[in-house]
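Peer 1: my_file_31.cif (mmCIF, C-alpha atoms) pasted underneath:
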```cif
data_structure
loop_
_atom_site.group_PDB
_atom_site.id
_atom_site.type_symbol
_atom_site.label_atom_id
_atom_site.label_comp_id
_atom_site.auth_asym_id
_atom_site.auth_seq_id
_atom_site.Cartn_x
_atom_site.Cartn_y
_atom_site.Cartn_z
ATOM 1 C CA MET A 1 -7.479 1.082 -44.539
ATOM 2 C CA ASN A 2 -6.741 4.108 -46.701
ATOM 3 C CA ILE A 3 -3.013 4.882 -46.483
ATOM 4 C CA HIS A 4 -3.519 8.405 -47.837
ATOM 5 C CA SER A 5 -5.636 9.728 -44.990
ATOM 6 C CA THR A 6 -6.879 8.700 -41.603
ATOM 7 C CA SER A 7 -10.006 9.526 -39.688
ATOM 8 C CA GLU A 8 -7.886 10.971 -36.888
ATOM 9 C CA GLU A 9 -6.313 14.396 -36.988
ATOM 10 C CA SER A 10 -2.670 14.791 -36.155
ATOM 11 C CA GLU A 11 -0.464 17.824 -35.653
ATOM 12 C CA ALA A 12 2.481 18.212 -37.986
ATOM 13 C CA TYR A 13 5.288 20.755 -37.955
ATOM 14 C CA ILE A 14 6.839 22.006 -41.174
ATOM 15 C CA ALA A 15 9.674 24.362 -42.088
ATOM 16 C CA LEU A 16 9.310 26.845 -44.935
ATOM 17 C CA GLY A 17 12.077 28.730 -46.695
ATOM 18 C CA ALA A 18 12.504 30.920 -49.783
ATOM 19 C CA ASN A 19 15.357 32.913 -51.285
ATOM 20 C CA LEU A 20 14.300 33.716 -54.863
ATOM 21 C CA GLY A 21 11.677 36.149 -56.112
ATOM 22 C CA ASP A 22 9.069 37.581 -53.734
ATOM 23 C CA ARG A 23 10.191 35.601 -50.692
ATOM 24 C CA GLU A 24 7.457 36.842 -48.328
ATOM 25 C CA GLY A 25 4.739 36.472 -50.940
ATOM 26 C CA THR A 26 5.811 32.934 -51.776
ATOM 27 C CA LEU A 27 5.808 31.852 -48.117
ATOM 28 C CA SER A 28 2.339 33.363 -47.702
ATOM 29 C CA GLU A 29 1.067 31.647 -50.848
ATOM 30 C CA ALA A 30 2.480 28.277 -49.732
ATOM 31 C CA LEU A 31 0.613 28.629 -46.414
ATOM 32 C CA ASN A 32 -2.601 29.589 -48.233
ATOM 33 C CA ARG A 33 -2.324 26.555 -50.526
ATOM 34 C CA LEU A 34 -1.758 24.256 -47.568
ATOM 35 C CA ASN A 35 -4.690 25.765 -45.665
ATOM 36 C CA ASN A 36 -6.965 25.532 -48.712
ATOM 37 C CA HIS A 37 -6.421 21.763 -48.927
ATOM 38 C CA ASP A 38 -9.497 19.906 -47.646
ATOM 39 C CA GLU A 39 -7.491 17.831 -45.174
ATOM 40 C CA ILE A 40 -5.015 20.452 -43.897
ATOM 41 C CA SER A 41 -5.429 23.455 -41.594
ATOM 42 C CA VAL A 42 -2.615 25.850 -40.742
ATOM 43 C CA VAL A 43 -3.025 26.438 -37.003
ATOM 44 C CA ARG A 44 0.094 28.398 -35.948
ATOM 45 C CA CYS A 45 2.894 30.225 -37.756
ATOM 46 C CA SER A 46 6.242 31.408 -36.456
ATOM 47 C CA LYS A 47 7.869 34.748 -36.983
ATOM 48 C CA VAL A 48 9.870 35.023 -40.210
ATOM 49 C CA TYR A 49 13.662 35.147 -40.016
ATOM 50 C CA GLU A 50 16.250 36.151 -42.589
ATOM 51 C CA THR A 51 19.104 33.652 -42.602
ATOM 52 C CA GLU A 52 22.423 32.997 -44.283
ATOM 53 C CA PRO A 53 22.490 30.149 -46.834
ATOM 54 C CA VAL A 54 23.873 26.799 -45.649
ATOM 55 C CA GLY A 55 25.810 24.360 -47.819
ATOM 56 C CA TYR A 56 25.856 26.193 -51.162
ATOM 57 C CA LEU A 57 26.858 29.734 -50.151
ATOM 58 C CA ASP A 58 26.760 31.601 -53.495
ATOM 59 C CA GLN A 59 23.080 32.520 -53.303
ATOM 60 C CA PRO A 60 20.729 35.113 -51.769
ATOM 61 C CA GLN A 61 19.718 35.056 -48.115
ATOM 62 C CA PHE A 62 16.680 33.016 -47.107
ATOM 63 C CA LEU A 63 13.496 33.845 -45.322
ATOM 64 C CA ASN A 64 12.684 30.932 -42.996
ATOM 65 C CA MET A 65 9.700 30.139 -40.816
ATOM 66 C CA ALA A 66 7.791 27.199 -39.362
ATOM 67 C CA ALA A 67 4.118 26.273 -39.214
ATOM 68 C CA ALA A 68 1.965 23.858 -37.253
ATOM 69 C CA LEU A 69 -0.658 22.010 -39.280
ATOM 70 C CA ARG A 70 -3.646 19.871 -38.320
ATOM 71 C CA THR A 71 -4.233 17.142 -40.879
ATOM 72 C CA THR A 72 -5.940 13.820 -41.473
ATOM 73 C CA LEU A 73 -3.386 12.977 -44.169
ATOM 74 C CA ALA A 74 -0.820 10.259 -43.602
ATOM 75 C CA PRO A 75 2.721 11.729 -43.360
ATOM 76 C CA GLU A 76 3.855 10.522 -46.804
ATOM 77 C CA THR A 77 0.690 11.926 -48.400
ATOM 78 C CA LEU A 78 1.195 15.257 -46.616
ATOM 79 C CA LEU A 79 4.749 15.318 -47.995
ATOM 80 C CA GLU A 80 3.390 14.683 -51.525
ATOM 81 C CA VAL A 81 1.021 17.665 -51.145
ATOM 82 C CA MET A 82 3.927 19.827 -49.929
ATOM 83 C CA LEU A 83 6.150 18.784 -52.862
ATOM 84 C CA GLY A 84 3.291 19.555 -55.261
ATOM 85 C CA ILE A 85 2.996 23.063 -53.804
ATOM 86 C CA GLU A 86 6.752 23.572 -54.212
ATOM 87 C CA THR A 87 6.442 22.656 -57.905
ATOM 88 C CA GLN A 88 3.373 24.890 -58.396
ATOM 89 C CA LEU A 89 5.330 27.804 -56.890
ATOM 90 C CA GLY A 90 8.269 27.340 -59.263
ATOM 91 C CA ARG A 91 10.694 25.170 -57.285
ATOM 92 C CA ILE A 92 13.415 23.713 -59.496
ATOM 93 C CA ARG A 93 15.769 21.135 -58.012
ATOM 94 C CA ASP A 94 19.116 21.527 -59.761
ATOM 95 C CA ILE A 95 21.720 22.438 -57.079
ATOM 96 C CA ARG A 96 21.711 20.586 -53.747
ATOM 97 C CA TYR A 97 21.046 23.199 -51.021
ATOM 98 C CA GLY A 98 20.842 25.740 -53.853
ATOM 99 C CA PRO A 99 18.555 28.717 -54.416
ATOM 100 C CA ARG A 100 14.830 28.083 -54.503
ATOM 101 C CA THR A 101 11.533 29.876 -54.787
ATOM 102 C CA VAL A 102 10.222 27.797 -51.899
ATOM 103 C CA ASP A 103 11.252 24.845 -49.749
ATOM 104 C CA LEU A 104 8.756 22.945 -47.594
ATOM 105 C CA ASP A 105 10.127 20.330 -45.183
ATOM 106 C CA LEU A 106 8.024 17.985 -43.086
ATOM 107 C CA LEU A 107 9.803 17.981 -39.717
ATOM 108 C CA TRP A 108 7.663 16.195 -37.151
ATOM 109 C CA VAL A 109 4.301 14.445 -36.916
ATOM 110 C CA GLU A 110 3.354 13.817 -33.272
ATOM 111 C CA GLY A 111 6.621 12.071 -32.457
ATOM 112 C CA GLN A 112 6.203 9.422 -35.151
ATOM 113 C CA ILE A 113 9.362 7.642 -36.240
ATOM 114 C CA LEU A 114 9.377 6.814 -39.930
ATOM 115 C CA ASP A 115 12.157 5.819 -42.318
ATOM 116 C CA THR A 116 11.039 5.128 -45.881
ATOM 117 C CA PRO A 117 12.706 5.831 -49.237
ATOM 118 C CA HIS A 118 10.656 9.064 -49.453
ATOM 119 C CA LEU A 119 10.374 10.314 -45.876
ATOM 120 C CA THR A 120 12.305 10.219 -42.619
ATOM 121 C CA LEU A 121 10.614 11.449 -39.436
ATOM 122 C CA PRO A 122 11.694 13.278 -37.437
ATOM 123 C CA HIS A 123 13.519 15.214 -40.183
ATOM 124 C CA PRO A 124 17.105 13.904 -39.983
ATOM 125 C CA ARG A 125 18.866 17.304 -39.829
ATOM 126 C CA MET A 126 16.289 19.496 -38.097
ATOM 127 C CA PHE A 127 18.056 19.593 -34.708
ATOM 128 C CA GLU A 128 21.330 20.729 -36.382
ATOM 129 C CA ARG A 129 19.801 23.767 -38.086
ATOM 130 C CA ALA A 130 19.296 27.021 -36.219
ATOM 131 C CA PHE A 131 17.166 28.326 -39.106
ATOM 132 C CA VAL A 132 14.711 25.487 -38.356
ATOM 133 C CA MET A 133 14.939 25.356 -34.545
ATOM 134 C CA LEU A 134 14.443 29.066 -33.870
ATOM 135 C CA PRO A 135 11.167 29.370 -35.864
ATOM 136 C CA LEU A 136 9.992 26.018 -34.509
ATOM 137 C CA SER A 137 10.567 27.240 -30.947
ATOM 138 C CA ASP A 138 8.095 30.070 -31.698
ATOM 139 C CA ILE A 139 5.195 27.667 -32.289
ATOM 140 C CA VAL A 140 5.715 24.533 -30.201
ATOM 141 C CA PRO A 141 3.754 25.183 -26.991
ATOM 142 C CA GLN A 142 5.833 25.661 -23.832
ATOM 143 C CA ASN A 143 3.749 23.007 -22.072
ATOM 144 C CA GLU A 144 4.031 20.462 -24.903
ATOM 145 C CA GLN A 145 5.074 17.215 -23.262
ATOM 146 C CA SER A 146 3.307 14.395 -25.089
ATOM 147 C CA SER A 147 6.048 13.900 -27.673
ATOM 148 C CA GLY A 148 8.958 15.668 -25.964
ATOM 149 C CA LEU A 149 9.487 18.052 -28.891
ATOM 150 C CA ARG A 150 9.777 21.169 -26.672
ATOM 151 C CA LYS A 151 12.595 19.544 -24.660
ATOM 152 C CA LEU A 152 14.422 18.527 -27.846
ATOM 153 C CA ILE A 153 14.164 22.063 -29.268
ATOM 154 C CA THR A 154 15.394 23.656 -26.028
ATOM 155 C CA ALA A 155 18.386 21.300 -25.898
ATOM 156 C CA ALA A 156 19.227 21.833 -29.581
ATOM 157 C CA LEU A 157 19.108 25.635 -29.287
ATOM 158 C CA GLN A 158 21.618 25.609 -26.404
ATOM 159 C CA ASP A 159 24.369 24.012 -28.500
ATOM 160 C CA ILE A 160 23.508 24.840 -32.105
ATOM 161 C CA ASP A 161 25.792 26.793 -34.445
ATOM 162 C CA GLY A 162 24.477 29.499 -36.752
ATOM 163 C CA LYS A 163 22.176 31.448 -34.418
ATOM 164 C CA GLU A 164 24.234 34.603 -34.979
ATOM 165 C CA GLY A 165 23.327 34.544 -38.710
ATOM 166 C CA ILE A 166 19.585 34.772 -38.025
ATOM 167 C CA ARG A 167 17.704 38.082 -37.952
ATOM 168 C CA LEU A 168 14.021 38.722 -37.316
ATOM 169 C CA TRP A 169 12.471 39.769 -40.635
ATOM 170 C CA THR A 170 8.791 40.169 -39.737
ATOM 171 C CA THR A 171 6.352 38.830 -37.189
ATOM 172 C CA SER A 172 3.937 37.408 -39.784
ATOM 173 C CA VAL A 173 3.503 36.760 -43.499
ATOM 174 C CA TRP A 174 0.233 34.910 -43.157
ATOM 175 C CA ASP A 175 -3.150 36.443 -42.460
ATOM 176 C CA GLY A 176 -4.934 33.217 -41.653
ATOM 177 C CA GLY A 177 -5.846 32.452 -45.239
ATOM 178 C CA SER A 178 -9.162 32.612 -46.947
ATOM 179 C CA GLY A 179 -9.922 28.907 -46.711
ATOM 180 C CA HIS A 180 -11.381 26.894 -43.858
ATOM 181 C CA SER A 181 -10.247 27.596 -40.338
ATOM 182 C CA ALA A 182 -9.176 25.308 -37.547
ATOM 183 C CA SER A 183 -11.695 24.914 -34.766
#
```
Rewrite the structure of this file - the entire thing - as structure tokens.

Peer 2:
Amino acid sequence: MNIHSTSEESEAYIALGANLGDREGTLSEALNRLNNHDEISVVRCSKVYETEPVGYLDQPQFLNMAAALRTTLAPETLLEVMLGIETQLGRIRDIRYGPRTVDLDLLWVEGQILDTPHLTLPHPRMFERAFVMLPLSDIVPQNEQSSGLRKLITAALQDIDGKEGIRLWTTSVWDGGSGHSAS
């Protein structure tokens, strides 16, 4: 069996953030690069929110959003593609939680639980971060019940700190891309 892809499609949720350079343009380009991959389709995107930095505070504000992807890639391979896109778009990893041109985090793949040296699913801090939960709540269907993600998001948003530091920036930075489309 090929560990890099499967014959079955799965839905994955990712978080995107940027706080250096053309933040909107970089988020849009990251989505286009994902969608142009042969085994990835971007199917839904959240609104874009401007948020305060977390952890390392001496840096510009972020634009954050979330996206739902359909993919035949295995989770670790999807993460490798995402990390490659970060590098292509100028991401430099020098300060933990520091400024970045783009940050792509794999949050959730159909409720899978995974803990490897390279990837933990669900993302270990996603339910603690308002800048992840609010955009994610935009795109996880209200009637989603198969994996329980909607219930987890609703519960997290009731108790989470940091919601007051989040402002709607724009309703969309992605036009659907020029690559293949989801059917």

Peer 1: Give me, as a ChimeraX atom specification, all polymer residues having an atom no more than 12 Å from A:Pro124, counting only C-alpha atoms and skipping those fewer than 2 positions away in the same chain.

Peer 2: /A:105-108,113-115,119-122,126-129,132

Peer 1: Please write the residues picked by the PyMOL selection byres ((chain A and resi 9) around 12) on this file as a list in words.

Peer 2: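 Listing what the PyMOL selection byres ((chain A and resi 9) around 12) selects in the shown file: Ser5, Thr6, Ser7, Glu8, Ser10, Glu11, Ala12, Glu39, Ile40, Ser41, Leu69, Arg70, Thr71, Thr72, Leu73, Ala74, Pro75, Val109, Glu110 and Ala182 of chain A.
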
Peer 1: A:Ala30, A:Val102, A:Leu157, A:Ala66: which is nearest A:Lys47, counting only C-alpha atoms?

Peer 2: A:Ala66

Peer 1: Restricting the calculation to all atoms listed in the file: of A:Gly111, A:Val140, A:Thr51, A:Thr101, which residue gets closest to A:Gln88?

Peer 2: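 Among the listed residues, A:Thr101 lies closest to A:Gln88.
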
Peer 1: Using all atoms listed in the file for the distances, tell me which of A:Ile92, A:His118, A:Glu86, A:Ala67 is nearest to A:Asn35.

Peer 2: A:Ala67

Peer 1: Taking the structure in the block just given, could you write stretch 60-126 of chain A with C-alpha atoms, as an mmCIF file, in the first residue's frame?

Peer 2:
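Final output, saved to selection_24.cif:
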```cif
data_model
loop_
_atom_site.group_PDB
_atom_site.id
_atom_site.type_symbol
_atom_site.label_atom_id
_atom_site.label_comp_id
_atom_site.auth_asym_id
_atom_site.auth_seq_id
_atom_site.Cartn_x
_atom_site.Cartn_y
_atom_site.Cartn_z
ATOM 1 C CA PRO A 60 2.725 42.609 13.530
ATOM 2 C CA GLN A 61 -0.874 41.436 13.745
ATOM 3 C CA PHE A 62 -1.865 38.279 11.887
ATOM 4 C CA LEU A 63 -4.464 37.516 9.304
ATOM 5 C CA ASN A 64 -5.935 34.093 10.121
ATOM 6 C CA MET A 65 -8.375 31.845 8.309
ATOM 7 C CA ALA A 66 -9.267 28.182 7.873
ATOM 8 C CA ALA A 67 -9.928 25.987 4.854
ATOM 9 C CA ALA A 68 -11.500 22.608 4.199
ATOM 10 C CA LEU A 69 -9.638 20.403 1.735
ATOM 11 C CA ARG A 70 -10.543 17.182 -0.063
ATOM 12 C CA THR A 71 -7.479 15.019 -0.586
ATOM 13 C CA THR A 72 -6.309 11.506 -1.355
ATOM 14 C CA LEU A 73 -2.996 12.217 0.382
ATOM 15 C CA ALA A 74 -2.155 10.550 3.671
ATOM 16 C CA PRO A 75 -2.047 13.113 6.530
ATOM 17 C CA GLU A 76 1.762 13.137 6.857
ATOM 18 C CA THR A 77 2.136 13.605 3.092
ATOM 19 C CA LEU A 78 -0.404 16.448 3.131
ATOM 20 C CA LEU A 79 1.634 18.067 5.916
ATOM 21 C CA GLU A 80 4.808 17.732 3.789
ATOM 22 C CA VAL A 81 3.050 19.513 0.893
ATOM 23 C CA MET A 82 1.909 22.274 3.274
ATOM 24 C CA LEU A 83 5.430 22.734 4.698
ATOM 25 C CA GLY A 84 6.808 22.903 1.148
ATOM 26 C CA ILE A 85 4.344 25.686 0.310
ATOM 27 C CA GLU A 86 5.389 27.585 3.445
ATOM 28 C CA THR A 87 9.027 27.406 2.302
ATOM 29 C CA GLN A 88 8.150 28.435 -1.279
ATOM 30 C CA LEU A 89 6.308 31.478 0.113
ATOM 31 C CA GLY A 90 9.292 32.606 2.188
ATOM 32 C CA ARG A 91 8.628 31.095 5.620
ATOM 33 C CA ILE A 92 11.710 31.208 7.835
ATOM 34 C CA ARG A 93 11.612 29.402 11.170
ATOM 35 C CA ASP A 94 13.849 31.326 13.558
ATOM 36 C CA ILE A 95 11.652 32.537 16.477
ATOM 37 C CA ARG A 96 9.105 30.158 18.022
ATOM 38 C CA TYR A 97 5.648 31.731 17.495
ATOM 39 C CA GLY A 98 7.479 34.556 15.709
ATOM 40 C CA PRO A 99 6.618 36.557 12.601
ATOM 41 C CA ARG A 100 6.075 34.657 9.378
ATOM 42 C CA THR A 101 5.087 35.160 5.782
ATOM 43 C CA VAL A 102 2.738 32.199 6.077
ATOM 44 C CA ASP A 103 1.843 29.438 8.522
ATOM 45 C CA LEU A 104 -0.139 26.366 7.466
ATOM 46 C CA ASP A 105 -1.301 23.981 10.203
ATOM 47 C CA LEU A 106 -3.010 20.656 9.614
ATOM 48 C CA LEU A 107 -5.752 20.595 12.258
ATOM 49 C CA TRP A 108 -8.071 17.668 11.618
ATOM 50 C CA VAL A 109 -8.500 14.817 9.146
ATOM 51 C CA GLU A 110 -11.906 13.150 9.581
ATOM 52 C CA GLY A 111 -11.432 12.569 13.299
ATOM 53 C CA GLN A 112 -8.230 10.567 12.864
ATOM 54 C CA ILE A 113 -6.000 10.311 15.912
ATOM 55 C CA LEU A 114 -2.320 10.328 15.040
ATOM 56 C CA ASP A 115 0.801 10.918 17.120
ATOM 57 C CA THR A 116 4.075 10.625 15.217
ATOM 58 C CA PRO A 117 7.347 12.561 15.502
ATOM 59 C CA HIS A 118 6.139 14.808 12.640
ATOM 60 C CA LEU A 119 2.381 15.102 13.115
ATOM 61 C CA THR A 120 -0.198 15.036 15.889
ATOM 62 C CA LEU A 121 -3.890 14.887 14.970
ATOM 63 C CA PRO A 122 -6.058 16.525 16.032
ATOM 64 C CA HIS A 123 -3.685 19.512 16.287
ATOM 65 C CA PRO A 124 -2.700 19.571 19.981
ATOM 66 C CA ARG A 125 -3.472 23.265 20.641
ATOM 67 C CA MET A 126 -6.296 23.972 18.198
#
```
